[in-house]
file structure_25.txt (compact mmCIF, C-alpha atoms)
# COMPACT_ATOMS: atom_id res chain seq x y z
CA MET A 1 37.58 37.45 -1.54
CA THR A 2 34.36 37.94 -3.41
CA SER A 3 34.67 34.56 -5.05
CA MET A 4 35.13 32.83 -1.71
CA ARG A 5 32.46 30.27 -1.04
CA PHE A 6 31.79 28.46 2.14
CA GLU A 7 32.28 25.05 0.60
CA ARG A 8 35.67 25.90 -0.79
CA ASN A 9 37.09 27.67 2.18
CA SER A 10 39.46 25.59 4.20
CA GLN A 11 41.38 28.30 6.00
CA VAL A 12 40.49 27.22 9.48
CA SER A 13 43.57 27.57 11.55
CA PRO A 14 43.67 25.23 14.55
CA ALA A 15 44.88 28.13 16.67
CA LEU A 16 41.65 29.97 15.98
CA GLN A 17 39.31 27.16 16.75
CA THR A 18 37.16 27.69 19.76
CA ASP A 19 36.36 25.00 22.21
CA ASP A 20 34.37 25.14 25.38
CA SER A 21 37.43 24.83 27.60
CA ALA A 22 38.13 28.47 26.72
CA GLU A 23 35.02 29.56 28.60
CA PRO A 24 36.49 30.57 32.02
CA ASN A 25 39.05 32.54 30.11
CA LEU A 26 36.34 34.22 28.02
CA GLN A 27 34.54 35.41 31.14
CA GLU A 28 37.70 36.99 32.49
CA LEU A 29 38.47 38.59 29.16
CA LEU A 30 34.97 39.98 28.88
CA ALA A 31 35.09 41.38 32.41
CA ALA A 32 38.42 43.04 31.64
CA SER A 33 36.94 44.42 28.41
CA ALA A 34 34.12 45.97 30.42
CA ARG A 35 36.80 47.95 32.26
CA GLY A 36 38.17 49.20 28.96
CA ASN A 37 41.00 46.69 28.48
CA GLU A 38 41.44 46.53 24.71
CA GLN A 39 44.11 43.85 24.84
CA ALA A 40 41.75 41.55 26.69
CA PHE A 41 39.15 42.21 24.02
CA ALA A 42 41.68 41.42 21.31
CA LYS A 43 42.24 38.02 22.95
CA LEU A 44 38.52 37.47 23.20
CA TYR A 45 38.30 38.22 19.49
CA ASP A 46 41.08 35.77 18.71
CA LEU A 47 39.36 33.02 20.67
CA THR A 48 35.90 33.49 19.20
CA SER A 49 36.08 35.17 15.80
CA ALA A 50 36.34 32.02 13.68
CA ARG A 51 33.09 30.73 15.15
CA VAL A 52 31.39 34.10 14.71
CA TYR A 53 32.73 35.02 11.29
CA GLY A 54 32.17 31.57 9.80
CA MET A 55 28.56 31.49 10.93
CA VAL A 56 27.92 35.03 9.72
CA LEU A 57 29.53 34.23 6.37
CA ARG A 58 27.33 31.19 5.99
CA VAL A 59 24.19 33.24 6.64
CA VAL A 60 24.99 36.38 4.62
CA ARG A 61 27.06 34.48 2.00
CA ASP A 62 29.14 37.43 0.96
CA ALA A 63 32.62 37.90 2.43
CA ALA A 64 32.54 41.70 2.40
CA GLN A 65 29.17 41.78 4.16
CA ALA A 66 30.28 39.10 6.60
CA SER A 67 33.24 41.26 7.62
CA GLU A 68 31.02 44.28 8.07
CA VAL A 69 28.48 42.41 10.17
CA THR A 70 31.22 40.76 12.24
CA GLN A 71 32.72 44.16 12.99
CA ASP A 72 29.31 45.42 14.12
CA ILE A 73 28.90 42.36 16.31
CA TYR A 74 32.19 42.84 18.12
CA LEU A 75 31.55 46.52 18.62
CA GLU A 76 28.24 45.58 20.21
CA ILE A 77 29.92 42.93 22.41
CA TRP A 78 32.42 45.55 23.53
CA ARG A 79 29.65 48.01 24.35
CA GLN A 80 27.60 45.44 26.24
CA SER A 81 30.53 43.73 27.97
CA ALA A 82 29.65 45.10 31.42
CA ARG A 83 26.10 43.81 31.08
CA PHE A 84 26.90 40.19 30.48
CA ASP A 85 25.57 38.13 33.39
CA SER A 86 27.45 34.87 33.87
CA SER A 87 24.71 33.48 36.09
CA LYS A 88 22.47 33.35 33.02
CA GLY A 89 24.82 31.40 30.80
CA ALA A 90 28.22 31.25 29.16
CA VAL A 91 29.97 33.90 27.09
CA LEU A 92 30.27 32.05 23.81
CA PRO A 93 26.60 31.12 23.34
CA TRP A 94 25.65 34.68 24.32
CA LEU A 95 28.03 36.07 21.74
CA LEU A 96 26.85 33.68 19.06
CA MET A 97 23.23 34.49 19.80
CA ILE A 98 23.88 38.18 19.26
CA ALA A 99 25.90 37.36 16.15
CA HIS A 100 23.23 35.16 14.60
CA ARG A 101 20.53 37.74 15.22
CA ARG A 102 22.65 40.38 13.50
CA ALA A 103 23.45 38.14 10.55
CA VAL A 104 19.80 37.29 10.10
CA ASP A 105 18.79 40.93 10.38
CA ARG A 106 21.27 41.76 7.63
CA VAL A 107 20.16 39.06 5.25
CA ARG A 108 16.49 39.95 5.77
CA ALA A 109 17.12 43.67 5.31
CA SER A 110 18.89 43.08 2.02
CA GLN A 111 16.40 40.58 0.63
CA SER A 112 14.13 43.33 -0.64
CA THR A 113 16.83 44.56 -2.99
CA ILE A 114 18.67 41.36 -3.81
CA VAL A 115 16.54 38.48 -4.94
CA ARG A 116 17.89 35.35 -3.39
CA ASP A 117 17.49 32.33 -5.59
CA ASP A 118 15.68 30.28 -3.03
CA LYS A 119 15.48 27.08 -4.97
CA TYR A 120 19.15 27.21 -5.76
CA ALA A 121 19.97 27.91 -2.15
CA LEU A 122 17.79 25.08 -1.01
CA LEU A 123 19.22 22.52 -3.39
CA ASN A 124 22.83 23.53 -3.38
CA THR A 125 23.90 24.88 -0.06
CA GLU A 126 21.57 23.82 2.70
CA ARG A 127 21.41 20.08 2.40
CA PRO A 128 24.76 18.44 2.03
CA PHE A 129 26.30 18.34 5.45
CA ASP A 130 27.77 15.00 4.57
CA SER A 131 29.34 16.19 1.33
CA VAL A 132 30.64 19.38 2.87
CA SER A 133 32.49 17.52 5.57
CA GLU A 134 35.53 16.54 3.58
CA GLN A 135 35.88 19.95 1.96
CA VAL A 136 36.11 21.96 5.14
CA GLN A 137 38.90 21.45 7.58
CA THR A 138 36.99 20.55 10.68
CA SER A 139 37.49 20.33 14.37
CA LEU A 140 36.41 17.30 16.35
CA GLU A 141 33.53 19.35 17.70
CA ALA A 142 32.40 20.18 14.18
CA GLN A 143 32.45 16.52 13.25
CA ARG A 144 30.39 15.71 16.30
CA VAL A 145 27.77 18.37 15.56
CA ARG A 146 27.65 17.41 11.90
CA LYS A 147 27.05 13.80 12.83
CA VAL A 148 24.20 14.80 15.12
CA LEU A 149 22.72 16.93 12.32
CA ASN A 150 22.96 14.02 9.95
CA ASP A 151 21.15 11.81 12.45
CA LEU A 152 18.07 14.04 12.26
CA THR A 153 15.37 13.07 9.82
CA PRO A 154 16.01 14.75 6.46
CA ALA A 155 12.87 16.82 7.02
CA GLN A 156 14.05 18.06 10.41
CA ARG A 157 17.55 18.77 9.15
CA GLU A 158 16.23 20.74 6.22
CA ALA A 159 13.96 22.89 8.36
CA VAL A 160 16.64 23.56 11.00
CA SER A 161 19.26 24.35 8.37
CA LEU A 162 17.09 26.70 6.34
CA ALA A 163 16.25 28.59 9.50
CA TYR A 164 19.68 28.73 11.11
CA PHE A 165 22.06 28.83 8.15
CA GLY A 166 19.62 30.22 5.61
CA GLY A 167 18.27 32.93 7.89
CA TYR A 168 14.72 32.25 6.73
CA THR A 169 11.71 32.82 8.97
CA HIS A 170 9.61 29.77 9.68
CA SER A 171 6.89 31.18 7.41
CA GLU A 172 9.44 31.41 4.59
CA VAL A 173 10.63 27.87 5.30
CA SER A 174 7.02 26.73 5.09
CA GLU A 175 6.69 28.42 1.70
CA LEU A 176 10.01 27.08 0.40
CA LEU A 177 9.21 23.52 1.38
CA LYS A 178 5.50 23.78 0.51
CA ILE A 179 4.48 22.40 3.85
CA PRO A 180 2.14 23.88 6.47
CA LEU A 181 3.61 26.34 8.96
CA GLY A 182 2.55 24.15 11.87
CA THR A 183 4.62 21.31 10.44
CA VAL A 184 7.65 23.58 10.14
CA LYS A 185 7.32 24.70 13.76
CA THR A 186 7.15 21.10 14.91
CA ARG A 187 10.06 19.94 12.75
CA ILE A 188 12.30 22.73 13.96
CA ARG A 189 11.43 22.13 17.59
CA ASP A 190 11.67 18.35 17.39
CA GLY A 191 14.94 18.60 15.48
CA LEU A 192 16.46 20.91 18.08
CA ILE A 193 15.28 18.75 20.96
CA ARG A 194 16.88 15.73 19.32
CA MET A 195 20.12 17.60 18.75
CA ARG A 196 20.11 19.00 22.26
CA ASP A 197 19.73 15.53 23.75
CA ALA A 198 22.30 13.97 21.43
CA LEU A 199 24.85 16.70 22.16
CA GLY A 200 24.15 16.50 25.87
CA VAL A 201 23.66 20.25 26.09
CA ALA A 202 23.27 21.15 29.75
CA THR A 203 21.27 24.22 30.68
CA MET B 1 2.48 26.65 29.14
CA THR B 2 0.41 27.50 26.11
CA ASP B 3 0.92 24.80 23.48
CA GLU B 4 0.35 27.24 20.65
CA LEU B 5 3.23 29.39 21.85
CA ASN B 6 5.40 26.67 23.26
CA VAL B 7 5.88 25.14 19.84
CA LEU B 8 7.55 28.39 18.77
CA ALA B 9 10.52 27.77 21.10
CA GLY B 10 12.58 26.13 18.35
CA ALA B 11 11.90 28.79 15.75
CA TYR B 12 12.63 31.45 18.35
CA ALA B 13 15.99 29.93 19.24
CA LEU B 14 16.95 29.92 15.55
CA ASP B 15 15.82 33.56 15.06
CA ALA B 16 13.17 32.29 12.66
CA LEU B 17 10.29 34.38 14.01
CA ASP B 18 9.35 37.70 12.48
CA ASP B 19 9.41 40.80 14.68
CA ALA B 20 5.80 40.62 15.81
CA GLU B 21 5.93 36.93 16.64
CA ARG B 22 9.20 37.44 18.46
CA ALA B 23 7.75 40.23 20.59
CA ILE B 24 4.78 38.10 21.51
CA PHE B 25 6.85 35.04 22.29
CA GLU B 26 9.30 37.01 24.41
CA GLU B 27 6.45 38.41 26.43
CA HIS B 28 5.22 34.87 26.94
CA LEU B 29 8.69 33.81 28.10
CA GLN B 30 8.44 36.25 30.99
CA THR B 31 5.65 34.22 32.48
CA CYS B 32 6.42 30.67 31.34
CA ASP B 33 9.47 29.22 33.11
CA GLU B 34 9.11 25.92 31.32
CA CYS B 35 9.33 27.65 27.94
CA ALA B 36 12.26 29.77 29.09
CA GLU B 37 14.14 26.65 30.12
CA GLU B 38 13.41 24.96 26.81
CA VAL B 39 14.50 28.04 24.87
CA ARG B 40 17.75 28.17 26.80
CA GLY B 41 18.61 24.60 25.86
CA MET B 42 17.73 25.27 22.26
CA GLN B 43 19.80 28.43 22.10
CA LEU B 44 22.79 26.49 23.38
CA THR B 45 22.10 23.85 20.75
CA ALA B 46 21.85 26.49 18.03
CA ALA B 47 25.20 27.90 19.15
CA GLU B 48 26.71 24.44 18.66
CA LEU B 49 25.66 24.54 15.01
CA SER B 50 28.29 27.20 14.38
CA HIS B 51 31.00 24.61 14.97
CA THR B 52 30.20 23.33 11.49
CA THR B 53 30.82 26.65 9.76
CA GLU B 54 33.98 27.77 11.55
CA VAL B 55 36.15 29.88 9.22
CA ALA B 56 39.03 32.19 10.09
CA PRO B 57 38.07 35.80 9.38
CA PRO B 58 40.21 37.87 7.01
CA PRO B 59 43.32 38.99 8.96
CA LEU B 60 42.58 42.67 8.28
CA LEU B 61 39.29 42.43 10.13
CA ARG B 62 41.05 42.14 13.48
CA GLY B 63 42.64 45.56 13.12
CA GLU B 64 39.35 47.10 12.00
CA VAL B 65 37.51 45.67 14.98
CA LEU B 66 40.13 46.86 17.43
CA ALA B 67 40.21 50.31 15.84
CA SER B 68 36.44 50.62 16.09
CA ILE B 69 36.21 49.58 19.76
CA SER B 70 38.97 51.99 20.75
CA ARG B 71 36.65 54.84 19.81
CA VAL B 72 33.75 53.67 22.00
CA ARG B 73 33.43 53.38 25.76
CA PRO B 74 31.69 50.20 26.98
CA LEU B 75 28.27 50.84 28.50
CA PRO B 76 28.22 50.98 32.29
CA PRO B 77 26.86 47.98 34.18
CA ILE B 78 23.19 48.03 35.11
CA VAL B 79 23.08 49.09 38.75
CA ASP B 80 20.53 48.61 41.50
CA ASN B 81 18.70 51.92 41.28
CA VAL B 82 17.13 51.14 37.92
CA ILE B 83 13.36 50.81 38.10
CA ALA B 84 12.04 47.42 39.11
CA LEU B 85 10.38 46.50 35.81
CA HIS B 86 13.52 47.20 33.87
CA ARG B 87 15.63 45.11 36.20
CA ALA B 88 13.27 42.19 36.20
CA ARG B 89 13.35 42.09 32.43
CA ALA B 90 17.06 42.73 32.13
CA SER B 91 17.88 39.87 34.44
CA ARG B 92 16.52 37.26 32.10
CA SER B 93 18.31 38.30 28.97
CA VAL B 94 19.19 41.85 28.17
CA TRP B 95 19.21 41.18 24.47
CA GLN B 96 15.94 39.53 23.71
CA VAL B 97 13.99 41.37 26.30
CA MET B 98 15.04 44.81 25.12
CA ALA B 99 13.64 44.04 21.70
CA ALA B 100 10.41 42.67 23.10
CA ALA B 101 9.97 45.56 25.47
CA CYS B 102 10.49 48.06 22.66
CA ALA B 103 7.92 46.40 20.44
CA LEU B 104 5.34 46.15 23.19
CA ILE B 105 5.93 49.64 24.48
CA ALA B 106 5.56 50.91 20.92
CA ILE B 107 2.23 49.13 20.68
CA MET B 108 1.06 50.53 23.99
CA VAL B 109 2.17 54.08 23.28
CA SER B 110 0.45 53.98 19.94
CA ALA B 111 -2.65 52.58 21.57
CA TRP B 112 -2.76 55.56 23.92
CA GLY B 113 -2.89 57.90 20.98
CA TYR B 114 -5.53 55.86 19.25
CA SER B 115 -7.80 55.42 22.21
CA GLN B 116 -10.82 57.69 22.25
CA HIS B 117 -11.38 57.09 25.95
CA ARG B 118 -10.53 59.38 28.80
CA ALA B 119 -6.87 59.69 29.67
CA ALA B 120 -7.33 57.77 32.89
CA ASN B 121 -8.47 54.72 30.97
CA ARG B 122 -5.93 54.84 28.23
CA ALA B 123 -3.12 52.88 29.80
CA SER B 124 -5.32 50.05 30.94
CA ASN B 125 -7.17 49.86 27.61
CA ALA B 126 -3.96 49.75 25.65
CA SER B 127 -2.28 47.18 27.80
CA SER B 128 -5.42 45.09 28.01
CA THR B 129 -5.53 44.59 24.21
CA VAL B 130 -1.92 43.48 24.18
CA THR B 131 -2.26 41.39 27.33
CA THR B 132 -5.42 39.73 26.10
CA LEU B 133 -3.77 38.91 22.79
CA LEU B 134 -0.66 37.53 24.44
CA GLN B 135 -2.75 35.12 26.45
CA ALA B 136 -5.14 34.14 23.68
CA PRO B 137 -5.10 30.41 22.96
CA ASP B 138 -5.61 30.98 19.23
CA LEU B 139 -3.07 33.73 18.73
CA ARG B 140 -1.93 34.14 15.11
CA ALA B 141 0.35 36.55 13.31
CA THR B 142 0.67 36.91 9.55
CA THR B 143 2.82 39.33 7.62
CA THR B 144 1.95 40.56 4.13
CA ALA B 145 4.27 42.55 1.90
CA LEU B 146 2.60 45.81 0.84
CA GLU B 147 3.46 47.87 -2.24
CA THR B 148 5.81 49.69 0.09
CA GLY B 149 6.59 48.21 3.49
CA SER B 150 4.74 45.43 5.22
CA GLY B 151 1.68 44.83 7.33
CA THR B 152 1.53 42.29 10.14
CA VAL B 153 -1.79 41.33 11.63
CA VAL B 154 -1.57 39.85 15.12
CA TYR B 155 -4.97 38.55 16.10
CA SER B 156 -7.14 36.24 18.10
CA LYS B 157 -10.56 35.31 16.73
CA ALA B 158 -11.60 33.98 20.13
CA GLU B 159 -10.76 37.24 21.90
CA HIS B 160 -11.98 39.59 19.14
CA LYS B 161 -8.65 41.41 19.25
CA VAL B 162 -6.37 42.54 16.44
CA VAL B 163 -3.18 44.58 16.37
CA LEU B 164 -2.06 45.86 12.99
CA ILE B 165 1.70 46.42 12.87
CA GLY B 166 2.72 48.41 9.79
CA ARG B 167 6.35 48.96 8.85
CA ASN B 168 7.96 51.29 6.28
CA MET B 169 4.60 52.55 5.10
CA PRO B 170 4.69 55.81 3.12
CA SER B 171 2.58 58.77 4.24
CA PRO B 172 -0.94 58.51 2.77
CA GLY B 173 -0.57 62.12 1.58
CA ASN B 174 -2.00 65.49 2.64
CA GLY B 175 -5.68 65.42 3.51
CA LYS B 176 -5.68 61.64 3.31
CA THR B 177 -5.61 58.77 5.76
CA TYR B 178 -5.17 55.04 5.77
CA GLN B 179 -8.22 53.03 6.73
CA LEU B 180 -8.17 49.46 8.00
CA TRP B 181 -10.96 47.10 6.89
CA MET B 182 -12.24 43.66 7.75
CA LEU B 183 -13.39 41.74 4.66
CA PRO B 184 -16.13 39.16 5.34
CA GLN B 185 -15.59 35.71 3.80
CA ALA B 186 -19.07 35.87 2.30
CA GLY B 187 -17.96 38.77 0.12
CA SER B 188 -20.36 41.21 1.74
CA ALA B 189 -19.45 44.86 2.38
CA ALA B 190 -16.15 45.70 4.07
CA ILE B 191 -16.32 46.65 7.74
CA SER B 192 -14.23 49.62 8.88
CA ALA B 193 -11.74 48.94 11.67
CA GLY B 194 -10.54 52.50 12.01
CA VAL B 195 -8.31 55.07 10.36
CA PHE B 196 -4.62 55.60 11.00
CA ARG B 197 -1.50 57.39 9.89
CA PRO B 198 1.95 55.82 10.29
CA ASN B 199 4.51 57.91 12.16
CA SER B 200 7.32 59.71 10.33
CA ALA B 201 9.36 56.51 10.28
CA GLY B 202 6.49 54.73 8.51
CA ASN B 203 5.51 52.66 11.54
CA ILE B 204 2.08 52.05 13.02
CA GLU B 205 0.75 49.80 15.76
CA LEU B 206 -3.03 49.88 15.73
CA PRO B 207 -5.02 47.86 18.30
CA VAL B 208 -8.56 47.02 17.23
CA THR B 209 -11.41 45.18 18.89
CA GLY B 210 -13.75 43.41 16.49
CA ASP B 211 -15.46 40.14 15.67
CA LEU B 212 -13.27 38.27 13.19
CA THR B 213 -15.35 35.09 13.13
CA ASP B 214 -16.45 35.38 9.51
CA ILE B 215 -13.63 37.59 8.34
CA GLY B 216 -11.39 36.18 5.63
CA LYS B 217 -8.96 39.00 5.14
CA MET B 218 -8.10 42.47 6.30
CA ALA B 219 -7.35 45.33 3.93
CA ILE B 220 -5.80 48.77 3.97
CA SER B 221 -7.05 51.56 1.72
CA VAL B 222 -6.24 55.25 1.26
CA GLU B 223 -9.19 57.53 2.03
CA PRO B 224 -9.94 61.22 2.51
CA SER B 225 -9.24 62.44 6.09
CA GLY B 226 -11.80 61.05 8.49
CA GLY B 227 -12.26 57.88 6.51
CA SER B 228 -14.98 56.50 4.24
CA SER B 229 -17.89 54.13 4.60
CA GLN B 230 -16.44 51.80 1.95
CA PRO B 231 -12.86 51.43 0.67
CA THR B 232 -11.97 53.47 -2.43
CA PRO B 233 -11.30 51.07 -5.32
CA GLY B 234 -7.77 51.11 -6.64
CA THR B 235 -6.23 51.96 -3.26
CA VAL B 236 -6.94 48.66 -1.54
CA GLN B 237 -4.16 46.36 -0.39
CA GLN B 238 -5.22 43.10 1.19
CA LEU B 239 -3.70 41.57 4.29
CA ASN B 240 -3.89 37.82 4.75
CA LEU B 241 -5.10 36.32 7.99

call {"tool": "encode", "arguments": {"input": "structure_25.txt", "output": "structure tokens"}}
result
Amino acid sequence: MTSMRFERNSQVSPALQTDDSAEPNLQELLAASARGNEQAFAKLYDLTSARVYGMVLRVVRDAAQASEVTQDIYLEIWRQSARFDSSKGAVLPWLLMIAHRRAVDRVRASQSTIVRDDKYALLNTERPFDSVSEQVQTSLEAQRVRKVLNDLTPAQREAVSLAYFGGYTHSEVSELLKIPLGTVKTRIRDGLIRMRDALGVAT
Amino acid sequence: MTDELNVLAGAYALDALDDAERAIFEEHLQTCDECAEEVRGMQLTAAELSHTTEVAPPPLLRGEVLASISRVRPLPPIVDNVIALHRARASRSVWQVMAAACALIAIMVSAWGYSQHRAANRASNASSTVTTLLQAPDLRATTTALETGSGTVVYSKAEHKVVLIGRNMPSPGNGKTYQLWMLPQAGSAAISAGVFRPNSAGNIELPVTGDLTDIGKMAISVEPSGGSSQPTPGTVQQLNL
């Protein structure tokens, strides 16, 4: 597993792919989990874990760490299951938000001991959404999101990707790209607004 | 909506703010509905990004997850008899707001200890530094790696307010103290901004009022207890503004 790299991994099983039509189901499963129903939680895991694990793996880059962080995330979801408020949003984005925060926390905590080769990361893993697309077995949704990402300006895409998939702070992105922090803030925000509108995300 | 803060919505939604910036922005979200709405849309957009990285987890992980949850009872729901402040915050988003509340409460509690004023004034003094900063149009936060740990300076030149947030700082040693300095751009003598000791976890939140107009950098030095009139050479670590 240690040699597994995101680009090479094509083990996405269609049965594990998550689409938004699962949402009503997710709410019921989470509510049942809050009452201690472990089987319901197992189903919730089956419906969401490919999205969570894949994202965590992309951020932390190491399969063993990704498993560890994913386990922490689901334990936290289990603990907090009674406190999810469906009037404030859907289950899956909530779960992914918690997951991303945890993944980023992990990668930032370990950066003091492991020197990440930033230039290498920048040049080799963050850019090529187009070239990655044929290597990873993708869902229709993934193709749609990837297309929207590719429609951003290269500068916006780079800033958004370094932040979300790289786990870098905006100050670090500014340093990596040698551009002013204010420019990074604007690129990230403009990029997300463009993606939001293109994806038709409804709040 | 404050433009300076509003532009952080994107970075916030991607978890690209450091802890201090996040705490400040989350506080701002409590009062800016327009920002909160924008953040919500961006968080949903960020969640969509994970479609592109979908990968089945190792099969063994499922069993490990289920074994670990079977040993823990889910937390109870938040019920109506919780204090009003807590509920108001929890209703927006339990997750982000908890973190923000912790950071701000830490700052306020620390400010109580630091304040030399009478007890009756302490709460209002502490919260006023934080509140003033949160509303400052020229709010900035910069983080500098120290020899051990890090120092974040959250400041507003317009409001003459600074909060130093130190993390993972070692004890300065017996009979010694850290001292915070403002270093004028002109290179003239350092101006003391107070002495402090991090708590046992190495954390410190130190609110300071001072004119930063001509200040280029801040610095931390190690001094004998009570502090010195000028920083001791060889112990000085600079903090960027």

call {"tool": "closest_atom_pairs", "arguments": {"input": "structure_25.txt", "of": "chain B", "to": "chain A", "cutoff": "7 Å", "atoms": "all atoms listed in the file", "output": "JSON lines"}}
result
{"residue": "B:Val7", "atom": "CA", "partner": "A:Lys185", "partner_atom": "CA", "distance": 6.3}
{"residue": "B:Leu8", "atom": "CA", "partner": "A:Lys185", "partner_atom": "CA", "distance": 6.2}
{"residue": "B:Ala9", "atom": "CA", "partner": "A:Arg189", "partner_atom": "CA", "distance": 6.7}
{"residue": "B:Gly10", "atom": "CA", "partner": "A:Arg189", "partner_atom": "CA", "distance": 4.2}
{"residue": "B:Ala11", "atom": "CA", "partner": "A:Ile188", "partner_atom": "CA", "distance": 6.3}
{"residue": "B:Leu14", "atom": "CA", "partner": "A:Tyr164", "partner_atom": "CA", "distance": 5.3}
{"residue": "B:Asp15", "atom": "CA", "partner": "A:Arg101", "partner_atom": "CA", "distance": 6.3}
{"residue": "B:Ala16", "atom": "CA", "partner": "A:Thr169", "partner_atom": "CA", "distance": 4.0}
{"residue": "B:Leu17", "atom": "CA", "partner": "A:Thr169", "partner_atom": "CA", "distance": 5.5}
{"residue": "B:Asp18", "atom": "CA", "partner": "A:Thr169", "partner_atom": "CA", "distance": 6.5}
{"residue": "B:Arg40", "atom": "CA", "partner": "A:Thr203", "partner_atom": "CA", "distance": 6.6}
{"residue": "B:Gly41", "atom": "CA", "partner": "A:Thr203", "partner_atom": "CA", "distance": 5.5}
{"residue": "B:Met42", "atom": "CA", "partner": "A:Leu192", "partner_atom": "CA", "distance": 6.2}
{"residue": "B:Leu44", "atom": "CA", "partner": "A:Pro93", "partner_atom": "CA", "distance": 6.0}
{"residue": "B:Thr45", "atom": "CA", "partner": "A:Arg196", "partner_atom": "CA", "distance": 5.5}
{"residue": "B:Ala47", "atom": "CA", "partner": "A:Pro93", "partner_atom": "CA", "distance": 5.5}
{"residue": "B:Glu48", "atom": "CA", "partner": "A:Val145", "partner_atom": "CA", "distance": 6.9}
{"residue": "B:Leu49", "atom": "CA", "partner": "A:Val145", "partner_atom": "CA", "distance": 6.5}
{"residue": "B:Ser50", "atom": "CA", "partner": "A:Met55", "partner_atom": "CA", "distance": 5.5}
{"residue": "B:His51", "atom": "CA", "partner": "A:Ala142", "partner_atom": "CA", "distance": 4.7}
{"residue": "B:Thr52", "atom": "CA", "partner": "A:Ala142", "partner_atom": "CA", "distance": 4.7}
{"residue": "B:Thr53", "atom": "CA", "partner": "A:Gly54", "partner_atom": "CA", "distance": 5.1}
{"residue": "B:Glu54", "atom": "CA", "partner": "A:Gly54", "partner_atom": "CA", "distance": 4.6}
{"residue": "B:Val55", "atom": "CA", "partner": "A:Gly54", "partner_atom": "CA", "distance": 4.4}
{"residue": "B:Ala56", "atom": "CA", "partner": "A:Ala50", "partner_atom": "CA", "distance": 4.5}
{"residue": "B:Pro57", "atom": "CA", "partner": "A:Tyr53", "partner_atom": "CA", "distance": 5.7}
{"residue": "B:Leu61", "atom": "CA", "partner": "A:Ser67", "partner_atom": "CA", "distance": 6.7}
{"residue": "B:Val65", "atom": "CA", "partner": "A:Gln71", "partner_atom": "CA", "distance": 5.4}
{"residue": "B:Leu66", "atom": "CA", "partner": "A:Ala42", "partner_atom": "CA", "distance": 6.9}
{"residue": "B:Ser68", "atom": "CA", "partner": "A:Leu75", "partner_atom": "CA", "distance": 6.9}
{"residue": "B:Ile69", "atom": "CA", "partner": "A:Leu75", "partner_atom": "CA", "distance": 5.7}
{"residue": "B:Arg73", "atom": "CA", "partner": "A:Arg79", "partner_atom": "CA", "distance": 6.7}
{"residue": "B:Pro74", "atom": "CA", "partner": "A:Arg79", "partner_atom": "CA", "distance": 4.0}
{"residue": "B:Leu75", "atom": "CA", "partner": "A:Arg79", "partner_atom": "CA", "distance": 5.2}
{"residue": "B:Pro76", "atom": "CA", "partner": "A:Ala82", "partner_atom": "CA", "distance": 6.1}
{"residue": "B:Pro77", "atom": "CA", "partner": "A:Ala82", "partner_atom": "CA", "distance": 4.9}
{"residue": "B:Ile78", "atom": "CA", "partner": "A:Arg83", "partner_atom": "CA", "distance": 6.5}

call {"tool": "residues_around", "arguments": {"input": "structure_25.txt", "residues": "stretch 203-220 of chain B", "least_positions_apart": "4", "cutoff": "9 Å", "atoms": "only C-alpha atoms", "output": "number ranges by chain"}}
result
B: 106-111, 114-115, 126, 129-130, 153, 155-169, 178-187, 190, 193-194, 196-199, 231, 235-241

call {"tool": "atom_distance", "arguments": {"input": "structure_25.txt", "atom1": "atom CA of A:Glu158", "atom2": "atom CA of A:Ser110"}}
result
22.9 Å

call {"tool": "atom_distance", "arguments": {"input": "structure_25.txt", "atom1": "atom CA of B:Leu5", "atom2": "atom CA of B:Gln43"}}
result
16.6 Å

call {"tool": "atom_distance", "arguments": {"input": "structure_25.txt", "atom1": "atom CA of B:Asp19", "atom2": "atom CA of B:Thr152"}}
result
9.2 Å
